[in-house]
file work20.csv (CSV, C-alpha atoms and all ligand atoms)
chain,number,residue,atom,x,y,z
A,148,MET,CA,-9.5,15.1,-9.6
A,149,ALA,CA,-10.3,11.4,-9.4
A,150,TYR,CA,-8.0,10.5,-6.5
A,151,MET,CA,-8.4,11.2,-2.8
A,152,ALA,CA,-6.1,11.3,0.2
A,153,LYS,CA,-6.4,7.9,2.0
A,154,ILE,CA,-4.5,6.8,5.1
A,155,GLY,CA,-3.8,3.1,5.6
A,156,PRO,CA,-2.1,2.0,8.8
A,157,SER,CA,0.2,-0.9,8.5
A,158,ILE,CA,-0.7,-3.2,11.4
A,159,LEU,CA,2.7,-4.9,11.2
A,160,SER,CA,4.0,-2.8,14.0
A,161,SER,CA,1.0,-3.4,16.3
A,162,ASN,CA,0.7,-6.1,19.0
A,163,LEU,CA,0.1,-9.1,16.7
A,164,ALA,CA,-1.5,-11.0,19.5
A,165,CYS,CA,-4.4,-8.5,19.3
A,166,LEU,CA,-4.6,-8.0,15.6
A,167,GLY,CA,-8.4,-8.0,15.4
A,168,SER,CA,-8.9,-5.3,18.0
A,169,GLU,CA,-5.9,-3.3,16.6
A,170,CYS,CA,-7.6,-3.2,13.2
A,171,VAL,CA,-10.8,-2.1,14.8
A,172,ARG,CA,-9.0,0.5,16.8
A,173,MET,CA,-7.3,1.9,13.7
A,174,MET,CA,-10.6,2.2,11.8
A,175,GLU,CA,-12.1,3.9,14.9
A,176,CYS,CA,-9.2,6.3,14.8
A,177,GLY,CA,-10.1,7.4,11.2
A,178,ALA,CA,-8.1,5.0,9.0
A,179,ASP,CA,-9.4,4.9,5.4
A,180,TYR,CA,-8.2,1.4,4.9
A,181,LEU,CA,-5.9,-1.3,6.4
A,182,HIS,CA,-2.6,-2.2,4.8
A,183,LEU,CA,-1.8,-5.8,5.6
A,184,ASP,CA,1.8,-7.0,5.0
A,185,VAL,CA,2.2,-10.6,3.9
A,186,MET,CA,5.8,-11.8,3.9
A,187,ASP,CA,7.0,-15.3,3.0
A,188,GLY,CA,10.6,-15.4,4.3
A,189,HIS,CA,11.8,-15.7,0.7
A,190,PHE,CA,10.9,-12.6,-1.3
A,191,VAL,CA,11.8,-10.7,1.9
A,192,PRO,CA,13.9,-11.9,4.9
A,193,ASN,CA,10.9,-11.9,7.3
A,194,LEU,CA,7.7,-13.9,7.9
A,195,THR,CA,4.3,-12.6,8.8
A,196,PHE,CA,0.9,-14.2,8.0
A,197,GLY,CA,-1.2,-15.6,5.2
A,198,HIS,CA,-4.8,-16.0,4.1
A,199,PRO,CA,-6.0,-18.0,7.2
A,200,MET,CA,-5.2,-15.0,9.3
A,201,VAL,CA,-6.9,-12.6,6.8
A,202,GLU,CA,-10.0,-14.8,7.0
A,203,CYS,CA,-10.1,-14.5,10.8
A,204,LEU,CA,-9.5,-10.7,10.6
A,205,ARG,CA,-12.3,-10.3,8.1
A,206,LYS,CA,-14.7,-12.1,10.5
A,207,SER,CA,-13.5,-10.0,13.4
A,208,VAL,CA,-13.7,-6.5,11.7
A,209,GLY,CA,-16.8,-7.1,9.6
A,210,PRO,CA,-17.4,-6.5,5.9
A,211,ASP,CA,-16.5,-2.8,5.6
A,212,PRO,CA,-12.8,-2.1,6.2
A,213,PHE,CA,-10.8,-2.2,2.9
A,214,PHE,CA,-8.0,-4.7,3.1
A,215,ASP,CA,-5.0,-3.8,0.9
A,216,MET,CA,-2.8,-6.9,0.8
A,217,HIS,CA,0.8,-6.0,0.4
A,218,MET,CA,2.1,-9.4,-1.0
A,219,MET,CA,5.8,-9.6,-0.3
A,220,VAL,CA,6.0,-13.1,-1.6
A,221,SER,CA,7.9,-14.9,-4.3
A,222,ARG,CA,5.0,-16.6,-6.1
A,223,PRO,CA,2.2,-14.1,-6.0
A,224,GLU,CA,0.1,-16.1,-8.4
A,225,GLN,CA,-0.3,-18.8,-5.8
A,226,TRP,CA,-2.4,-16.7,-3.3
A,227,VAL,CA,-4.8,-14.8,-5.5
A,228,LYS,CA,-7.8,-17.1,-5.0
A,229,PRO,CA,-7.2,-17.9,-1.3
A,230,MET,CA,-6.8,-14.2,-0.5
A,231,SER,CA,-10.0,-13.3,-2.4
A,232,ALA,CA,-11.9,-16.0,-0.6
A,233,ALA,CA,-10.5,-14.8,2.7
A,234,GLY,CA,-12.0,-11.3,2.2
A,235,ALA,CA,-9.1,-9.3,0.7
A,236,ASN,CA,-10.2,-6.2,-1.4
A,237,GLN,CA,-7.0,-5.3,-3.1
A,238,TYR,CA,-4.1,-7.6,-4.1
A,239,THR,CA,-0.8,-5.6,-4.3
A,240,PHE,CA,1.9,-7.7,-5.8
A,241,HIS,CA,5.6,-7.0,-6.5
A,242,LEU,CA,6.7,-6.5,-10.1
A,243,GLU,CA,10.0,-8.2,-9.2
A,244,ALA,CA,8.2,-11.4,-8.1
A,245,THR,CA,6.5,-12.3,-11.4
A,246,THR,CA,7.5,-13.0,-15.0
A,247,ASN,CA,4.0,-12.4,-16.3
A,248,PRO,CA,2.4,-9.3,-14.7
A,249,GLY,CA,-0.3,-9.1,-17.4
A,250,ASN,CA,-1.7,-12.5,-16.6
A,251,LEU,CA,-1.5,-11.9,-12.9
A,252,ILE,CA,-3.5,-8.6,-13.2
A,253,LYS,CA,-6.1,-10.5,-15.1
A,254,GLU,CA,-6.3,-13.3,-12.5
A,255,ILE,CA,-6.7,-10.7,-9.7
A,256,ARG,CA,-9.5,-9.0,-11.5
A,257,GLU,CA,-11.3,-12.3,-12.2
A,258,ALA,CA,-11.0,-13.1,-8.5
A,259,GLY,CA,-12.9,-9.9,-7.8
A,260,MET,CA,-10.2,-7.8,-6.3
A,261,LYS,CA,-8.6,-4.5,-7.1
A,262,VAL,CA,-5.0,-4.6,-8.5
A,263,GLY,CA,-2.0,-2.9,-6.8
A,264,LEU,CA,1.5,-3.1,-8.4
A,265,ALA,CA,4.5,-2.5,-6.1
A,266,ILE,CA,8.2,-1.7,-6.9
A,267,LYS,CA,11.1,-2.1,-4.6
A,268,PRO,CA,13.6,0.8,-4.3
A,269,GLY,CA,15.9,-0.8,-6.9
A,270,THR,CA,13.3,-1.1,-9.6
A,271,THR,CA,12.7,1.9,-11.9
A,272,VAL,CA,9.4,3.4,-12.4
A,273,GLU,CA,9.7,3.0,-16.2
A,274,GLU,CA,9.5,-0.8,-15.6
A,275,LEU,CA,6.1,-0.2,-13.9
A,276,ALA,CA,4.8,2.3,-16.5
A,277,PRO,CA,3.6,-0.3,-19.1
A,278,TRP,CA,1.1,-1.7,-16.6
A,279,ALA,CA,-0.1,1.6,-15.1
A,280,ASN,CA,-3.2,1.8,-17.2
A,281,GLN,CA,-4.3,-1.7,-16.2
A,282,ILE,CA,-3.9,-1.3,-12.4
A,283,ASP,CA,-5.8,0.5,-9.7
A,284,MET,CA,-2.8,1.5,-7.6
A,285,ALA,CA,1.0,1.8,-7.9
A,286,LEU,CA,3.0,1.3,-4.8
A,287,VAL,CA,6.4,3.0,-4.6
A,288,MET,CA,8.3,1.5,-1.7
A,289,THR,CA,10.2,4.0,0.3
A,290,VAL,CA,12.2,1.4,2.2
A,291,GLU,CA,13.5,-2.0,1.3
A,292,PRO,CA,10.5,-4.3,2.0
A,293,GLY,CA,10.7,-6.6,5.0
A,294,PHE,CA,10.6,-4.6,8.2
A,295,GLY,CA,8.7,-1.8,9.8
A,296,GLY,CA,10.4,1.2,11.5
A,297,GLN,CA,13.0,1.8,8.8
A,298,LYS,CA,14.3,5.2,7.5
A,299,PHE,CA,12.3,6.9,4.7
A,300,MET,CA,14.2,7.0,1.4
A,301,ASP,CA,13.7,10.5,0.1
A,302,ASP,CA,15.4,9.5,-3.2
A,303,MET,CA,12.2,7.5,-4.2
A,304,MET,CA,10.2,10.8,-4.5
A,305,PRO,CA,11.2,11.4,-8.2
A,306,LYS,CA,9.5,8.1,-9.0
A,307,VAL,CA,6.3,9.3,-7.4
A,308,SER,CA,6.5,12.7,-9.2
A,309,TRP,CA,7.1,11.1,-12.5
A,310,LEU,CA,4.2,8.7,-12.1
A,311,ARG,CA,1.9,11.5,-11.0
A,312,SER,CA,2.8,13.5,-14.1
A,313,GLN,CA,2.2,10.6,-16.4
A,314,PHE,CA,-0.9,9.2,-14.8
A,315,PRO,CA,-2.8,12.1,-13.3
A,316,SER,CA,-5.7,10.0,-11.9
A,317,LEU,CA,-3.8,6.9,-10.7
A,318,ASP,CA,-3.8,6.0,-7.0
A,319,ILE,CA,-0.2,6.2,-5.9
A,320,GLU,CA,0.8,4.7,-2.6
A,321,VAL,CA,4.0,5.1,-0.6
A,322,ASP,CA,5.1,2.7,2.1
A,323,GLY,CA,8.0,2.7,4.5
A,324,GLY,CA,9.1,5.3,7.0
A,325,VAL,CA,6.2,7.6,6.3
A,326,GLY,CA,4.9,9.8,9.2
A,327,PRO,CA,4.5,13.4,10.2
A,328,ASP,CA,8.2,14.1,9.4
A,329,THR,CA,8.1,12.8,5.9
A,330,ILE,CA,4.5,13.2,4.7
A,331,HIS,CA,5.1,16.6,3.1
A,332,ARG,CA,7.6,15.1,0.7
A,333,CYS,CA,5.2,12.3,-0.3
A,334,ALA,CA,2.3,14.7,-0.7
A,335,GLU,CA,4.3,17.2,-2.8
A,336,ALA,CA,5.5,14.4,-5.0
A,337,GLY,CA,1.9,13.3,-5.6
A,338,ALA,CA,1.2,10.3,-3.5
A,339,ASN,CA,-2.4,10.0,-2.3
A,340,MET,CA,-2.5,6.6,-0.5
A,341,ILE,CA,-0.3,6.7,2.6
A,342,VAL,CA,0.8,3.6,4.5
A,343,SER,CA,2.1,4.4,7.9
A,344,GLY,CA,3.1,1.8,10.5
A,345,SER,CA,5.2,2.8,13.4
A,346,ALA,CA,4.4,6.5,13.2
A,347,VAL,CA,0.7,5.8,13.6
A,348,ILE,CA,0.6,2.6,15.7
A,349,GLY,CA,3.5,3.7,18.0
A,350,ASN,CA,1.9,7.0,18.8
A,351,ASP,CA,-0.2,7.5,21.9
A,352,ASP,CA,-2.7,9.4,19.7
A,353,PRO,CA,-3.1,7.6,16.4
A,354,ARG,CA,-6.2,9.6,15.6
A,355,SER,CA,-4.3,12.9,15.5
A,356,VAL,CA,-1.5,11.4,13.4
A,357,ILE,CA,-3.9,9.9,10.8
A,358,SER,CA,-5.8,13.2,10.6
A,359,LEU,CA,-2.5,15.2,10.2
A,360,LEU,CA,-1.3,12.9,7.4
A,361,ARG,CA,-4.7,13.2,5.6
A,362,THR,CA,-4.7,17.0,5.9
A,363,VAL,CA,-1.2,17.4,4.4
A,364,VAL,CA,-2.1,15.1,1.5
A,365,SER,CA,-5.5,16.7,0.9
A,366,GLU,CA,-4.0,20.1,0.8
A,367,ALA,CA,-1.4,19.0,-1.8
A,368,ILE,CA,-4.1,17.5,-4.0
A,369,GLN,CA,-6.1,20.6,-3.8
A,370,LYS,CA,-3.1,22.8,-4.7
A,371,ARG,CA,-2.3,20.5,-7.6
A,372,SER,CA,-5.8,20.8,-9.0
A,373,LEU,CA,-5.7,24.6,-8.7
A,374,ASP,CA,-2.3,24.7,-10.5
A,375,ARG,CA,-3.7,22.7,-13.5
B,1,LIG,C1,7.7,-2.9,5.1
B,1,LIG,C2,6.2,-2.9,5.0
B,1,LIG,C3,5.6,-1.7,5.6
B,1,LIG,C4,5.9,-1.4,7.0
B,1,LIG,C5,5.7,0.1,7.2
B,1,LIG,O1,8.2,-3.9,4.3
B,1,LIG,O2,5.8,-3.1,3.7
B,1,LIG,O3,4.2,-1.7,5.3
B,1,LIG,O4,5.1,-2.1,7.9
B,1,LIG,O5,6.1,0.4,8.5
B,1,LIG,P1,6.8,1.8,8.8
B,1,LIG,O6,5.7,2.9,8.5
B,1,LIG,O7,7.1,1.7,10.3
B,1,LIG,O8,8.0,2.0,8.0
B,2,ZN,ZN,3.7,-2.7,3.3
call {"tool": "encode", "arguments": {"input": "work20.csv", "output": "C-alpha cells"}}
result
Amino acid sequence: MAYMAKIGPSILSSNLACLGSECVRMMECGADYLHLDVMDGHFVPNLTFGHPMVECLRKSVGPDPFFDMHMMVSRPEQWVKPMSAAGANQYTFHLEATTNPGNLIKEIREAGMKVGLAIKPGTTVEELAPWANQIDMALVMTVEPGFGGQKFMDDMMPKVSWLRSQFPSLDIEVDGGVGPDTIHRCAEAGANMIVSGSAVIGNDDPRSVISLLRTVVSEAIQKRSLDR
C-alpha cells in the first residue's frame, strides 16, 4: 500500500510566542510533519500568520521538517510563490476559496510544492473527486475551520470512507477534534494523515499521544491491506 500513517501536530494550540521551539519539540516527540494553519480573518473568522513567519520558522527548525500549509484564506493564488520561497513543502488550499482549482494546482506544482486540497464540512466529497487524481493529499475537515479545540464531527467519516474506496493510494488527512478519543473512527474510515492540535500540544506527554495515534492508524492500514 502506497500510503503510510503520518501524524502532524497543529501548532496553532501551542504557545505562539515560542513557535520555533514548539515545532522542534514536536519533531523531537516523533511528529512526522508539521501542520501550519494560515488564517486571513476573511475565509475564516480568525487570524494567524503568513509567509514571513514561515520563513523564520524554517530558519529555526532547519531544512528537514515537512511543512503542510493549511491555507484558510480567501485568495489562495496570492500566496503560492511567497510560501514556496519561505520554505513550505505542501500547499493545502480550500476548494471553496477558488474558482479555478486546476490552475492553482498547476501553479503550486510549478512552485515546487506538493498539493493538498481541503473541503469544509458543508462541501461534498463529490466536489473534490474530479481533482483527486491531480493532488497529493485530500483534507477532510472534521470541524468548521477557524479554531482549535472544537468537537470532532463524526458525520464527516463517510466522506473519508468514500474517498478511500475510490482512491486507494491517495493521502487523506483529517483535521479538527482528532485525538485519542476519535482516532479510531478516522483510522477505520481510511484517513492516514492525522492533524492533532489540542490533544497533542495540550497533553503533558505529547510523545505518547503521537505514538498512540500512529499505532491506531498503522494497524487500520495493515488490516485494510490484508482484507484486500
Ligand atoms: C482548525 C485548524 C486545525 C486546528 C486543529 O481550523 O485547521 O488545524 O488547529 O486543532 P484541534 O486538534 O485542537 O481541533
Ligand atoms: Zn488545520
call {"tool": "atom_distance", "arguments": {"input": "work20.csv", "atom1": "atom C4 of ligand LIG 1 (chain B)", "atom2": "CA of Phe294 (chain A)"}}
result
5.8 Å
call {"tool": "residues_near_ligand", "arguments": {"input": "work20.csv", "ligand": "ligand LIG 1 (chain B)", "cutoff": "10 Å", "atoms": "only C-alpha atoms and all ligand atoms", "output": "ChimeraX atom specification"}}
result
/A:155-161,182-186,191-193,216-219,265,267,286,288-299,321-326,341-349
call {"tool": "residues_around", "arguments": {"input": "work20.csv", "residues": "region 242-244 of chain A", "least_positions_apart": "5", "cutoff": "10 Å", "atoms": "all atoms listed in the file", "output": "JSON, numbers by chain"}}
result
{"A": [190, 218, 219, 220, 221, 222, 223, 224, 263, 264, 265, 266, 267, 269, 270, 274, 275, 278]}
call {"tool": "atom_distance", "arguments": {"input": "work20.csv", "atom1": "CA of Tyr238 (chain A)", "atom2": "CA of Val262 (chain A)"}}
result
5.4 Å
call {"tool": "closest_residue", "arguments": {"input": "work20.csv", "among": "A:Trp309, A:Trp226, A:Phe314, A:Phe214", "to": "ligand ZN 2 (chain B)", "atoms": "only C-alpha atoms and all ligand atoms"}}
result
A:Phe214
call {"tool": "residues_around", "arguments": {"input": "work20.csv", "residues": "Glu273 (chain A)", "least_positions_apart": "3", "cutoff": "9 Å", "atoms": "only C-alpha atoms", "output": "count of residues only"}}
result
5
call {"tool": "atom_distance", "arguments": {"input": "work20.csv", "atom1": "CA of Gln369 (chain A)", "atom2": "CA of Pro315 (chain A)"}}
result
13.2 Å
call {"tool": "closest_residue", "arguments": {"input": "work20.csv", "among": "A:Phe240, A:Gly234, A:Leu204, A:Gly209", "to": "ligand ZN 2 (chain B)", "atoms": "all atoms listed in the file"}}
result
A:Phe240
call {"tool": "residues_around", "arguments": {"input": "work20.csv", "residues": "Arg172 (chain A)", "least_positions_apart": "5", "cutoff": "12 Å", "atoms": "all atoms listed in the file", "output": "list in words"}}
result
Pro156, Ile158, Ser161, Asn162, Cys165, Leu166, Gly167, Gly177, Ala178, Tyr180, Leu181, Ser207, Val208, Pro212, Val347, Ile348, Asp352, Pro353 and Arg354 of chain A
call {"tool": "residues_near_point", "arguments": {"input": "work20.csv", "point": "(2.2, 16.4, -6.7)", "cutoff": "6 Å", "atoms": "all atoms listed in the file", "output": "MDAnalysis selection string"}}
result
chainID A and resid 335:337
call {"tool": "residues_near_point", "arguments": {"input": "work20.csv", "point": "(-2.4, 8.5, -7.0)", "cutoff": "7 Å", "atoms": "all atoms listed in the file", "output": "PyMOL selection string"}}
result
chain A and resi 150+311+316-320+337-340
call {"tool": "closest_residue", "arguments": {"input": "work20.csv", "among": "A:Asp283, A:Leu251, A:Met303, A:His241", "to": "ligand ZN 2 (chain B)", "atoms": "only C-alpha atoms and all ligand atoms"}}
result
A:His241
call {"tool": "closest_residue", "arguments": {"input": "work20.csv", "among": "A:Val287, A:Ala232, A:Val364, A:Val227", "to": "ligand ZN 2 (chain B)", "atoms": "all atoms listed in the file"}}
result
A:Val287
call {"tool": "closest_residue", "arguments": {"input": "work20.csv", "among": "A:Ile282, A:Lys153, A:Asp302, A:Thr239", "to": "Pro268 (chain A)", "atoms": "all atoms listed in the file"}}
result
A:Asp302
call {"tool": "residues_around", "arguments": {"input": "work20.csv", "residues": "Pro229 (chain A)", "least_positions_apart": "2", "cutoff": "10 Å", "atoms": "only C-alpha atoms", "output": "PDB file with C-alpha atoms, keeping the file's coordinate frame"}}
result
ATOM      1  CA  GLY A 197      -1.200 -15.600   5.200  1.00  0.00           C
ATOM      2  CA  HIS A 198      -4.800 -16.000   4.100  1.00  0.00           C
ATOM      3  CA  PRO A 199      -6.000 -18.000   7.200  1.00  0.00           C
ATOM      4  CA  VAL A 201      -6.900 -12.600   6.800  1.00  0.00           C
ATOM      5  CA  GLU A 202     -10.000 -14.800   7.000  1.00  0.00           C
ATOM      6  CA  GLN A 225      -0.300 -18.800  -5.800  1.00  0.00           C
ATOM      7  CA  TRP A 226      -2.400 -16.700  -3.300  1.00  0.00           C
ATOM      8  CA  VAL A 227      -4.800 -14.800  -5.500  1.00  0.00           C
ATOM      9  CA  SER A 231     -10.000 -13.300  -2.400  1.00  0.00           C
ATOM     10  CA  ALA A 232     -11.900 -16.000  -0.600  1.00  0.00           C
ATOM     11  CA  ALA A 233     -10.500 -14.800   2.700  1.00  0.00           C
ATOM     12  CA  GLY A 234     -12.000 -11.300   2.200  1.00  0.00           C
ATOM     13  CA  ALA A 235      -9.100  -9.300   0.700  1.00  0.00           C
ATOM     14  CA  ALA A 258     -11.000 -13.100  -8.500  1.00  0.00           C
TER      15      ALA A 258
END
call {"tool": "closest_residue", "arguments": {"input": "work20.csv", "among": "A:Asp215, A:Glu254, A:Asp301, A:Asp374", "to": "ligand ZN 2 (chain B)", "atoms": "only C-alpha atoms and all ligand atoms"}}
result
A:Asp215
call {"tool": "build_atoms", "arguments": {"input": "work20.csv", "residues": "region 317-328 of chain A", "atoms": "all heavy atoms", "output": "PDB file, in the frame of the given file"}}
result
ATOM      1  N   LEU A 317      -4.162   8.161 -11.339  1.00  0.00           N
ATOM      2  CA  LEU A 317      -3.800   6.900 -10.700  1.00  0.00           C
ATOM      3  C   LEU A 317      -3.667   7.014  -9.197  1.00  0.00           C
ATOM      4  O   LEU A 317      -3.153   8.023  -8.708  1.00  0.00           O
ATOM      5  CB  LEU A 317      -2.461   6.393 -11.313  1.00  0.00           C
ATOM      6  CG  LEU A 317      -1.912   5.044 -10.847  1.00  0.00           C
ATOM      7  CD1 LEU A 317      -2.806   3.884 -11.302  1.00  0.00           C
ATOM      8  CD2 LEU A 317      -0.494   4.837 -11.390  1.00  0.00           C
ATOM      9  N   ASP A 318      -4.129   5.998  -8.473  1.00  0.00           N
ATOM     10  CA  ASP A 318      -3.800   6.000  -7.000  1.00  0.00           C
ATOM     11  C   ASP A 318      -2.360   5.587  -6.868  1.00  0.00           C
ATOM     12  O   ASP A 318      -1.908   4.557  -7.392  1.00  0.00           O
ATOM     13  CB  ASP A 318      -4.708   4.927  -6.325  1.00  0.00           C
ATOM     14  CG  ASP A 318      -6.086   5.474  -5.973  1.00  0.00           C
ATOM     15  OD1 ASP A 318      -6.187   6.685  -5.663  1.00  0.00           O
ATOM     16  OD2 ASP A 318      -7.056   4.705  -6.013  1.00  0.00           O
ATOM     17  N   ILE A 319      -1.624   6.423  -6.150  1.00  0.00           N
ATOM     18  CA  ILE A 319      -0.200   6.200  -5.900  1.00  0.00           C
ATOM     19  C   ILE A 319       0.023   6.058  -4.402  1.00  0.00           C
ATOM     20  O   ILE A 319      -0.283   6.990  -3.648  1.00  0.00           O
ATOM     21  CB  ILE A 319       0.694   7.284  -6.501  1.00  0.00           C
ATOM     22  CG1 ILE A 319       0.425   7.448  -8.001  1.00  0.00           C
ATOM     23  CG2 ILE A 319       2.179   6.965  -6.248  1.00  0.00           C
ATOM     24  CD1 ILE A 319       1.203   8.593  -8.651  1.00  0.00           C
ATOM     25  N   GLU A 320       0.574   4.918  -3.991  1.00  0.00           N
ATOM     26  CA  GLU A 320       0.800   4.700  -2.600  1.00  0.00           C
ATOM     27  C   GLU A 320       2.286   4.695  -2.246  1.00  0.00           C
ATOM     28  O   GLU A 320       3.113   4.288  -3.070  1.00  0.00           O
ATOM     29  CB  GLU A 320       0.221   3.262  -2.234  1.00  0.00           C
ATOM     30  CG  GLU A 320       0.283   2.856  -0.769  1.00  0.00           C
ATOM     31  CD  GLU A 320      -0.351   1.476  -0.521  1.00  0.00           C
ATOM     32  OE1 GLU A 320       0.170   0.469  -1.042  1.00  0.00           O
ATOM     33  OE2 GLU A 320      -1.367   1.410   0.205  1.00  0.00           O
ATOM     34  N   VAL A 321       2.598   5.179  -1.067  1.00  0.00           N
ATOM     35  CA  VAL A 321       4.000   5.100  -0.600  1.00  0.00           C
ATOM     36  C   VAL A 321       3.942   4.294   0.730  1.00  0.00           C
ATOM     37  O   VAL A 321       2.960   4.310   1.475  1.00  0.00           O
ATOM     38  CB  VAL A 321       4.569   6.511  -0.290  1.00  0.00           C
ATOM     39  CG1 VAL A 321       4.996   7.182  -1.591  1.00  0.00           C
ATOM     40  CG2 VAL A 321       3.611   7.405   0.484  1.00  0.00           C
ATOM     41  N   ASP A 322       5.041   3.582   0.972  1.00  0.00           N
ATOM     42  CA  ASP A 322       5.100   2.700   2.100  1.00  0.00           C
ATOM     43  C   ASP A 322       6.511   2.524   2.615  1.00  0.00           C
ATOM     44  O   ASP A 322       7.392   2.089   1.876  1.00  0.00           O
ATOM     45  CB  ASP A 322       4.543   1.294   1.633  1.00  0.00           C
ATOM     46  CG  ASP A 322       4.578   0.213   2.709  1.00  0.00           C
ATOM     47  OD1 ASP A 322       4.749   0.549   3.898  1.00  0.00           O
ATOM     48  OD2 ASP A 322       4.411  -0.973   2.351  1.00  0.00           O
ATOM     49  N   GLY A 323       6.699   2.893   3.880  1.00  0.00           N
ATOM     50  CA  GLY A 323       8.000   2.700   4.500  1.00  0.00           C
ATOM     51  C   GLY A 323       8.541   4.036   5.048  1.00  0.00           C
ATOM     52  O   GLY A 323       8.868   4.953   4.290  1.00  0.00           O
ATOM     53  N   GLY A 324       8.588   4.156   6.366  1.00  0.00           N
ATOM     54  CA  GLY A 324       9.100   5.300   7.000  1.00  0.00           C
ATOM     55  C   GLY A 324       8.305   6.608   6.810  1.00  0.00           C
ATOM     56  O   GLY A 324       8.821   7.720   6.933  1.00  0.00           O
ATOM     57  N   VAL A 325       7.011   6.423   6.526  1.00  0.00           N
ATOM     58  CA  VAL A 325       6.200   7.600   6.300  1.00  0.00           C
ATOM     59  C   VAL A 325       5.453   7.967   7.612  1.00  0.00           C
ATOM     60  O   VAL A 325       4.850   7.122   8.275  1.00  0.00           O
ATOM     61  CB  VAL A 325       5.119   7.348   5.188  1.00  0.00           C
ATOM     62  CG1 VAL A 325       4.275   8.587   4.970  1.00  0.00           C
ATOM     63  CG2 VAL A 325       5.816   6.925   3.903  1.00  0.00           C
ATOM     64  N   GLY A 326       5.552   9.238   7.968  1.00  0.00           N
ATOM     65  CA  GLY A 326       4.900   9.800   9.200  1.00  0.00           C
ATOM     66  C   GLY A 326       4.932  11.270   9.122  1.00  0.00           C
ATOM     67  O   GLY A 326       5.240  11.855   8.070  1.00  0.00           O
ATOM     68  N   PRO A 327       4.617  11.926  10.227  1.00  0.00           N
ATOM     69  CA  PRO A 327       4.500  13.400  10.200  1.00  0.00           C
ATOM     70  C   PRO A 327       5.796  14.084   9.697  1.00  0.00           C
ATOM     71  O   PRO A 327       5.695  15.157   9.096  1.00  0.00           O
ATOM     72  CB  PRO A 327       4.292  13.723  11.700  1.00  0.00           C
ATOM     73  CG  PRO A 327       3.575  12.526  12.223  1.00  0.00           C
ATOM     74  CD  PRO A 327       4.160  11.347  11.503  1.00  0.00           C
ATOM     75  N   ASP A 328       6.976  13.464   9.871  1.00  0.00           N
ATOM     76  CA  ASP A 328       8.200  14.100   9.400  1.00  0.00           C
ATOM     77  C   ASP A 328       8.433  14.003   7.908  1.00  0.00           C
ATOM     78  O   ASP A 328       9.205  14.773   7.340  1.00  0.00           O
ATOM     79  CB  ASP A 328       9.437  13.470  10.098  1.00  0.00           C
ATOM     80  CG  ASP A 328       9.406  13.693  11.605  1.00  0.00           C
ATOM     81  OD1 ASP A 328       8.676  14.605  12.045  1.00  0.00           O
ATOM     82  OD2 ASP A 328      10.112  12.950  12.322  1.00  0.00           O
TER      83      ASP A 328
END
